[in-house]
file my_file.cif (mmCIF, C-alpha atoms)
data_input
#
loop_
_atom_site.label_atom_id
_atom_site.label_comp_id
_atom_site.auth_asym_id
_atom_site.auth_seq_id
_atom_site.Cartn_x
_atom_site.Cartn_y
_atom_site.Cartn_z
CA MET A 687 -22.60 -68.34 17.04
CA THR A 688 -22.01 -65.78 19.76
CA ASP A 689 -23.80 -62.44 19.76
CA SER A 690 -20.45 -60.69 19.21
CA MET A 691 -20.17 -62.34 15.78
CA GLN A 692 -23.58 -61.17 14.60
CA ILE A 693 -23.77 -58.20 12.25
CA THR A 694 -26.38 -55.60 13.05
CA GLU A 695 -28.27 -53.59 10.48
CA GLN A 696 -26.40 -50.46 11.55
CA GLU A 697 -23.01 -52.16 11.20
CA ALA A 698 -23.92 -53.48 7.74
CA ALA A 699 -24.90 -49.98 6.64
CA LEU A 700 -21.73 -48.39 8.04
CA ALA A 701 -19.54 -51.00 6.35
CA GLN A 702 -20.89 -50.36 2.85
CA PRO A 703 -18.21 -48.89 0.53
CA GLU A 704 -18.72 -45.33 -0.64
CA ASN A 705 -21.37 -44.92 -3.33
CA PRO A 706 -19.93 -43.54 -6.60
CA SER A 707 -23.06 -41.40 -7.06
CA THR A 708 -22.45 -39.51 -3.82
CA ALA A 709 -18.69 -39.83 -3.24
CA SER A 710 -15.54 -39.45 -5.25
CA ILE A 711 -11.89 -40.34 -4.99
CA GLU A 712 -8.95 -38.49 -6.51
CA ALA A 713 -7.61 -40.82 -9.20
CA TRP A 714 -6.37 -40.46 -12.77
CA TYR A 715 -4.79 -42.34 -15.67
CA MET A 716 -1.02 -41.96 -15.63
CA ASP A 717 1.30 -40.67 -18.33
CA ASP A 718 4.04 -42.86 -19.81
CA ASP A 719 6.94 -40.89 -18.35
CA THR A 720 9.24 -43.30 -16.49
CA SER A 721 12.27 -40.99 -16.44
CA THR A 722 11.09 -38.54 -13.77
CA ASP A 723 10.47 -38.87 -10.04
CA GLN A 724 7.87 -41.54 -9.22
CA ARG A 725 6.56 -39.27 -6.45
CA LEU A 726 5.23 -36.72 -8.98
CA GLU A 727 1.56 -36.81 -10.00
CA HIS A 728 2.27 -38.17 -13.50
CA LYS A 729 -1.02 -36.94 -14.91
CA GLN A 730 -1.70 -37.03 -18.61
CA SER A 731 -2.10 -33.75 -20.52
CA PRO A 732 -4.94 -33.01 -20.52
CA ASN A 733 -5.72 -34.83 -17.29
CA LYS A 734 -7.82 -37.99 -17.62
CA PRO A 735 -9.63 -38.58 -14.30
CA CYS A 736 -10.71 -42.06 -13.21
CA SER A 737 -14.06 -42.38 -11.47
CA LEU A 738 -14.79 -44.33 -8.31
CA GLU A 739 -17.26 -46.38 -10.34
CA THR A 740 -14.45 -47.49 -12.66
CA LEU A 741 -12.25 -48.41 -9.71
CA GLN A 742 -15.04 -50.44 -8.16
CA SER A 743 -15.46 -52.33 -11.44
CA LEU A 744 -11.82 -53.41 -10.98
CA GLY A 745 -12.55 -54.61 -7.46
CA VAL A 746 -11.03 -51.58 -5.69
CA LEU A 747 -13.15 -50.50 -2.73
CA TYR A 748 -13.05 -47.16 -0.95
CA TRP A 749 -14.28 -45.60 2.28
CA SER A 750 -13.86 -42.05 3.61
CA MET A 751 -13.64 -41.46 7.36
CA ASP A 752 -12.50 -38.91 9.91
CA PRO A 753 -8.92 -39.86 10.87
CA SER A 754 -9.19 -37.92 14.13
CA SER A 755 -11.76 -40.50 15.30
CA TYR A 756 -9.25 -43.37 15.00
CA PRO A 757 -9.19 -45.88 16.65
CA GLU A 758 -12.71 -45.51 18.10
CA ASP A 759 -14.47 -44.69 14.83
CA PRO A 760 -17.65 -46.84 14.72
CA LYS A 761 -17.47 -46.94 10.92
CA LEU A 762 -13.97 -48.45 11.00
CA LYS A 763 -15.07 -50.95 13.65
CA ALA A 764 -18.06 -51.95 11.50
CA ILE A 765 -15.86 -52.43 8.43
CA ARG A 766 -13.47 -54.64 10.39
CA LYS A 767 -16.30 -56.75 11.77
CA VAL A 768 -18.32 -57.15 8.58
CA ARG A 769 -15.30 -57.90 6.39
CA GLY A 770 -13.57 -60.10 8.96
CA TYR A 771 -10.40 -58.03 9.42
CA SER A 772 -9.06 -59.58 12.61
CA TYR A 773 -5.46 -58.32 12.38
CA GLU A 774 -4.17 -54.75 12.40
CA ASP A 775 -0.93 -52.87 12.79
CA THR A 776 0.41 -49.46 11.78
CA VAL A 777 3.29 -48.59 9.51
CA ASP A 778 5.23 -45.30 9.29
CA ILE A 779 6.97 -44.76 5.95
CA SER A 780 9.45 -41.92 5.70
CA PRO A 781 13.23 -41.55 5.37
CA ASP A 782 13.42 -41.04 9.15
CA THR A 783 11.10 -43.81 10.35
CA LEU A 784 11.57 -46.76 7.98
CA PRO A 785 14.86 -48.70 8.22
CA GLY A 786 16.29 -49.36 4.76
CA TYR A 787 13.98 -46.69 3.34
CA ASP A 788 15.62 -46.35 -0.09
CA GLU A 789 15.54 -50.06 -0.87
CA LYS A 790 12.06 -50.61 0.51
CA ILE A 791 10.52 -47.69 -1.37
CA LYS A 792 11.96 -49.16 -4.58
CA ALA A 793 10.50 -52.56 -3.69
CA PHE A 794 7.07 -51.04 -2.99
CA TYR A 795 7.13 -49.54 -6.50
CA GLU A 796 7.76 -52.87 -8.24
CA GLU A 797 4.61 -54.04 -10.01
CA HIS A 798 3.24 -57.05 -8.12
CA ILE A 799 0.20 -58.96 -6.88
CA HIS A 800 -0.77 -60.52 -3.55
CA THR A 801 -2.71 -63.68 -2.79
CA ASP A 802 -5.02 -61.72 -0.47
CA GLU A 803 -6.60 -58.29 -0.31
CA GLU A 804 -4.38 -55.34 0.50
CA ILE A 805 -6.11 -53.01 2.95
CA ARG A 806 -4.73 -49.62 4.00
CA TYR A 807 -6.30 -46.84 6.08
CA VAL A 808 -4.36 -43.58 5.94
CA ILE A 809 -4.07 -41.97 9.36
CA ASP A 810 -1.54 -39.26 8.47
CA GLY A 811 0.54 -38.18 5.48
CA SER A 812 -0.24 -39.25 1.91
CA GLY A 813 0.86 -41.41 -1.00
CA TYR A 814 -0.18 -43.10 -4.21
CA PHE A 815 -1.45 -46.57 -5.04
CA ASP A 816 -1.20 -47.41 -8.75
CA VAL A 817 -3.37 -50.19 -10.19
CA ARG A 818 -3.63 -51.73 -13.65
CA ASP A 819 -6.98 -51.61 -15.43
CA GLY A 820 -8.32 -54.20 -17.88
CA ASN A 821 -6.35 -52.60 -20.73
CA ASP A 822 -3.11 -52.74 -18.73
CA GLN A 823 -3.15 -48.96 -18.21
CA TRP A 824 -1.93 -47.50 -14.93
CA ILE A 825 -4.43 -45.66 -12.73
CA ARG A 826 -2.96 -43.56 -9.90
CA ILE A 827 -5.03 -43.28 -6.71
CA SER A 828 -4.23 -40.47 -4.30
CA CYS A 829 -4.57 -41.61 -0.68
CA LYS A 830 -4.88 -39.01 2.07
CA PRO A 831 -5.85 -39.01 5.77
CA GLY A 832 -9.24 -40.64 6.23
CA ASP A 833 -9.05 -42.74 3.05
CA LEU A 834 -9.44 -46.50 3.43
CA ILE A 835 -8.70 -48.49 0.28
CA VAL A 836 -9.00 -52.21 -0.46
CA LEU A 837 -7.13 -53.69 -3.42
CA PRO A 838 -8.46 -57.11 -4.48
CA GLU A 839 -6.40 -60.27 -4.58
CA GLY A 840 -4.55 -60.64 -7.88
CA ILE A 841 -4.63 -57.04 -9.12
CA TYR A 842 -1.31 -55.67 -10.37
CA HIS A 843 -0.38 -52.66 -8.28
CA ARG A 844 2.44 -50.69 -6.66
CA PHE A 845 2.86 -47.98 -4.03
CA THR A 846 4.90 -44.83 -3.66
CA LEU A 847 5.00 -41.82 -1.39
CA ASP A 848 4.22 -38.45 -2.90
CA GLN A 849 6.50 -35.44 -2.50
CA GLY A 850 5.49 -35.15 1.16
CA ASN A 851 7.72 -38.19 1.82
CA TYR A 852 5.59 -39.47 4.68
CA ILE A 853 2.60 -41.69 5.35
CA LYS A 854 1.24 -43.39 8.44
CA ALA A 855 -1.26 -46.12 7.65
CA LEU A 856 -3.22 -48.85 9.36
CA ARG A 857 -2.77 -52.28 7.79
CA LEU A 858 -5.69 -54.71 8.11
CA PHE A 859 -5.84 -58.41 7.32
CA VAL A 860 -8.07 -61.47 7.67
CA GLY A 861 -6.25 -63.85 10.04
CA GLU A 862 -2.48 -63.98 10.20
CA PRO A 863 -0.97 -61.45 7.78
CA VAL A 864 0.85 -62.57 4.64
CA TRP A 865 2.60 -59.67 2.91
CA THR A 866 4.41 -61.68 0.22
CA PRO A 867 4.58 -59.76 -3.10
CA TYR A 868 4.74 -61.62 -6.41
CA ASN A 869 6.48 -59.32 -8.87
CA ARG A 870 5.10 -59.38 -12.40
CA THR A 871 6.51 -61.98 -14.77
CA SER A 872 4.98 -64.17 -17.47
CA GLU A 873 4.71 -66.93 -14.86
CA ILE A 874 2.90 -64.67 -12.38
CA ASP A 875 0.45 -63.78 -15.17
CA GLN A 876 -0.69 -67.41 -14.79
CA HIS A 877 -0.77 -67.37 -10.98
CA PRO A 878 -4.11 -68.67 -9.58
CA SER A 879 -4.76 -65.33 -7.85
CA ARG A 880 -4.25 -63.51 -11.13
CA ILE A 881 -6.42 -65.93 -13.08
CA ASN A 882 -9.15 -65.54 -10.47
CA MET A 883 -8.89 -61.76 -10.88
CA CYS A 884 -9.56 -61.66 -14.60
CA ILE A 885 -10.98 -63.62 -17.48
CA SER A 886 -10.06 -63.49 -21.16
CA ASP A 887 -12.14 -61.39 -23.49
CA ASP A 888 -13.83 -62.95 -26.54
CA ALA A 889 -10.64 -62.59 -28.58
CA GLY A 890 -8.53 -63.97 -25.73
CA GLN A 891 -6.06 -61.11 -26.06
CA ARG A 892 -6.23 -59.10 -22.86
CA PRO A 893 -7.64 -59.40 -19.34
CA ARG A 894 -11.14 -58.19 -18.67
CA PHE A 895 -11.96 -57.81 -15.01
CA LYS A 896 -14.85 -59.49 -13.27
CA SER A 897 -17.46 -57.40 -11.52
CA TYR A 898 -16.99 -57.34 -7.76
CA GLN A 899 -19.92 -57.44 -5.38
CA THR A 900 -19.58 -55.06 -2.43
CA LYS A 901 -22.47 -56.44 -0.39
CA PRO A 902 -21.42 -57.43 3.17
CA ALA A 903 -22.41 -60.61 4.92
CA ALA A 904 -26.12 -60.93 5.62
CA LEU A 905 -27.35 -59.75 8.98
CA GLY A 906 -26.67 -62.30 11.68
CA GLU A 907 -24.17 -64.22 9.53
CA GLU A 908 -20.46 -64.63 10.00
CA GLN A 909 -18.14 -63.50 7.24
CA GLY A 910 -17.64 -66.36 4.79
CA ASP A 911 -21.04 -67.93 5.38
CA ASN A 912 -22.63 -66.32 2.33
CA VAL A 913 -23.79 -68.44 -0.58
CA PRO A 914 -22.78 -66.81 -3.89
CA GLN A 915 -25.74 -65.24 -5.64
CA ARG A 916 -26.51 -65.48 -9.35
CA ASP A 917 -25.76 -62.34 -11.31
CA ALA A 918 -28.91 -60.41 -12.29
CA SER A 919 -28.01 -60.62 -15.97
CA GLU A 920 -27.81 -64.42 -15.73
CA VAL A 921 -31.33 -64.55 -14.27
CA ASP A 922 -32.63 -62.16 -16.94
CA ASP A 923 -31.08 -64.28 -19.70
CA THR A 924 -32.67 -67.43 -18.31
CA LEU A 925 -36.11 -65.78 -17.99
CA SER A 926 -35.79 -64.44 -21.54
CA TYR A 927 -34.96 -67.96 -22.69
CA LEU A 928 -38.08 -69.32 -20.95
CA ALA A 929 -40.26 -66.68 -22.62
CA LYS A 930 -38.88 -67.56 -26.05
CA LEU A 931 -39.26 -71.25 -25.26
CA PHE A 932 -42.96 -70.74 -24.43
CA THR A 933 -43.60 -68.92 -27.73
CA VAL A 934 -41.77 -71.51 -29.82
CA SER A 935 -43.46 -74.36 -27.93
CA VAL A 936 -46.96 -73.01 -28.67
CA VAL A 937 -46.14 -72.63 -32.37
CA GLY A 938 -44.42 -76.03 -32.49
CA GLY A 939 -47.28 -77.66 -30.63
CA ALA A 940 -49.77 -76.26 -33.15
CA VAL A 941 -47.68 -77.66 -35.99
CA ILE A 942 -47.59 -81.11 -34.39
CA LYS A 943 -51.30 -81.12 -33.52
CA TYR A 944 -52.73 -79.83 -36.80
CA GLY A 945 -49.94 -81.17 -39.00
CA SER A 946 -50.84 -84.66 -37.82
CA LEU A 947 -54.23 -84.21 -39.49
CA ILE A 948 -52.50 -83.68 -42.84
CA ILE A 949 -49.50 -86.00 -42.55
CA SER A 950 -50.11 -89.54 -41.40
CA LEU A 951 -48.68 -90.06 -37.90
CA PRO A 952 -49.03 -93.09 -35.60
CA PHE A 953 -50.96 -90.91 -33.11
CA HIS A 954 -52.89 -87.62 -33.00
CA PRO A 955 -51.82 -85.63 -29.88
CA ASP A 956 -54.01 -82.97 -28.35
CA GLY A 957 -52.64 -79.43 -27.89
CA PHE A 958 -51.29 -79.94 -24.36
CA ILE A 959 -49.37 -83.09 -25.27
CA ALA A 960 -48.00 -81.45 -28.42
CA VAL A 961 -46.64 -78.45 -26.51
CA SER A 962 -45.24 -80.72 -23.79
CA ILE A 963 -43.32 -82.78 -26.34
CA ILE A 964 -41.38 -79.67 -27.39
CA ALA A 965 -41.17 -77.72 -24.13
CA PHE A 966 -40.68 -80.26 -21.34
CA PRO A 967 -36.94 -81.17 -21.66
CA PRO A 968 -35.56 -77.61 -22.15
CA ALA A 969 -37.99 -76.19 -19.57
CA CYS A 970 -36.69 -78.62 -16.95
CA PHE A 971 -33.13 -77.65 -17.81
CA ALA A 972 -33.87 -73.92 -17.55
CA ALA A 973 -35.64 -74.36 -14.21
CA TRP A 974 -32.65 -76.30 -12.90
CA MET A 975 -30.30 -73.50 -14.03
CA LEU A 976 -32.32 -70.93 -12.05
CA THR A 977 -31.73 -72.91 -8.86
CA GLN A 978 -27.94 -72.94 -9.27
CA PRO A 979 -25.75 -70.38 -7.40
CA GLY A 980 -23.75 -67.95 -9.50
CA LYS A 981 -19.98 -68.23 -10.01
CA GLN A 982 -17.81 -66.72 -7.36
CA SER A 983 -15.73 -63.66 -8.25
#

call {"tool": "encode", "arguments": {"input": "my_file.cif", "output": "structure tokens"}}
result
Amino acid sequence: MTDSMQITEQEAALAQPENPSTASIEAWYMDDDTSTDQRLEHKQSPNKPCSLETLQSLGVLYWSMDPSSYPEDPKLKAIRKVRGYSYEDTVDISPDTLPGYDEKIKAFYEEHIHTDEEIRYVIDGSGYFDVRDGNDQWIRISCKPGDLIVLPEGIYHRFTLDQGNYIKALRLFVGEPVWTPYNRTSEIDQHPSRINMCISDDAGQRPRFKSYQTKPAALGEEQGDNVPQRDASEVDDTLSYLAKLFTVSVVGGAVIKYGSLIISLPFHPDGFIAVSIIAFPPACFAAWMLTQPGKQS
């Protein structure tokens, strides 16, 4: 590995998405009005804001930067390096700058997914990204200069300009770009990227989104070299199981040891052997589970 591919501590810190406890993004749940201009805010009455924490639970990541520092912004450079964004270009969307504007703006507003992340950094102008939540409700995200947003693979979304009718944005991608949209149909609901995005709830009736880790690659590692980590709740569950196993094993061992004095058995085990008889097989299984990596999101 060359030194240029190593990630420094400073770069890792700069590339961390905004913390919901110290940053916010302008987003809200949309109304059901489909008859008026898509470029309007379409807020509910009263307005129902959507927090950055909720967006992150859907896999949407957000950074805020100074657009006047583009393209030399060290934060943007760190994000590109840590997340492996090797491709970039800029796009100007307005009636005057985009050939076939009317048709393309309609296409952008069709609900669709991609098989990769969608990454946009707003340099000038403004617009809206709409994303579906786990209950299939639309959330509208206002994107303004300095906002960098990452939509995860497989999330249903769409884009529109606001009433300013103009946006200039940087498009980032890992490797050669693939912009293919897959408009929503019953077949696309079963697309591998969509299935990877969500899992069925206990009743199997609606999608419930996985939690998305926002931790960058470890220092000194290339993007993609990380081994998936077990979720903290999985470790807690396993440790809780081991604690219960220990308690039950002691009680069960006492029953075997002292019960053998009352009921005729072919042998009379001591306490250690009695506990081992009950605890050994499940304890080995639990220990093995702790060594296994968690499932990838």

call {"tool": "resolve_selection", "arguments": {"input": "my_file.cif", "expression": "the PyMOL selection byres ((chain A and resi 798) around 8)", "output": "number ranges by chain"}}
result
A: 796-797, 799-800, 841-844, 867-870

call {"tool": "atom_distance", "arguments": {"input": "my_file.cif", "atom1": "atom CA of A:Tyr748", "atom2": "atom CA of A:Asp775"}}
result
19.2 Å

call {"tool": "axis_aligned_box", "arguments": {"input": "my_file.cif", "around": "stretch 693-707 of chain A", "padding_each_side": "6 Å", "output": "JSON"}}
result
{"center_x": -23.2, "center_y": -49.8, "center_z": 3.0, "size_x": 22.1, "size_y": 28.8, "size_z": 32.1}

call {"tool": "atom_distance", "arguments": {"input": "my_file.cif", "atom1": "atom CA of A:Ser710", "atom2": "atom CA of A:Ile825"}}
result
14.8 Å

call {"tool": "atom_distance", "arguments": {"input": "my_file.cif", "atom1": "atom CA of A:Thr783", "atom2": "atom CA of A:Val864"}}
result
22.1 Å

call {"tool": "resolve_selection", "arguments": {"input": "my_file.cif", "expression": "the PyMOL selection byres ((chain A and resi 721-733) around 7)", "output": "mmCIF file with C-alpha atoms, in the frame of the given file"}}
result
data_model
loop_
_atom_site.group_PDB
_atom_site.id
_atom_site.type_symbol
_atom_site.label_atom_id
_atom_site.label_comp_id
_atom_site.auth_asym_id
_atom_site.auth_seq_id
_atom_site.Cartn_x
_atom_site.Cartn_y
_atom_site.Cartn_z
ATOM 1 C CA TRP A 714 -6.370 -40.460 -12.770
ATOM 2 C CA TYR A 715 -4.790 -42.340 -15.670
ATOM 3 C CA MET A 716 -1.020 -41.960 -15.630
ATOM 4 C CA ASP A 717 1.300 -40.670 -18.330
ATOM 5 C CA ASP A 719 6.940 -40.890 -18.350
ATOM 6 C CA THR A 720 9.240 -43.300 -16.490
ATOM 7 C CA LYS A 734 -7.820 -37.990 -17.620
ATOM 8 C CA PRO A 735 -9.630 -38.580 -14.300
ATOM 9 C CA THR A 846 4.900 -44.830 -3.660
ATOM 10 C CA LEU A 847 5.000 -41.820 -1.390
ATOM 11 C CA ASP A 848 4.220 -38.450 -2.900
ATOM 12 C CA GLN A 849 6.500 -35.440 -2.500
#

call {"tool": "closest_residue", "arguments": {"input": "my_file.cif", "among": "A:Cys736, A:Val768, A:Ala699, A:Val808", "to": "A:Val860", "atoms": "all atoms listed in the file"}}
result
A:Val768
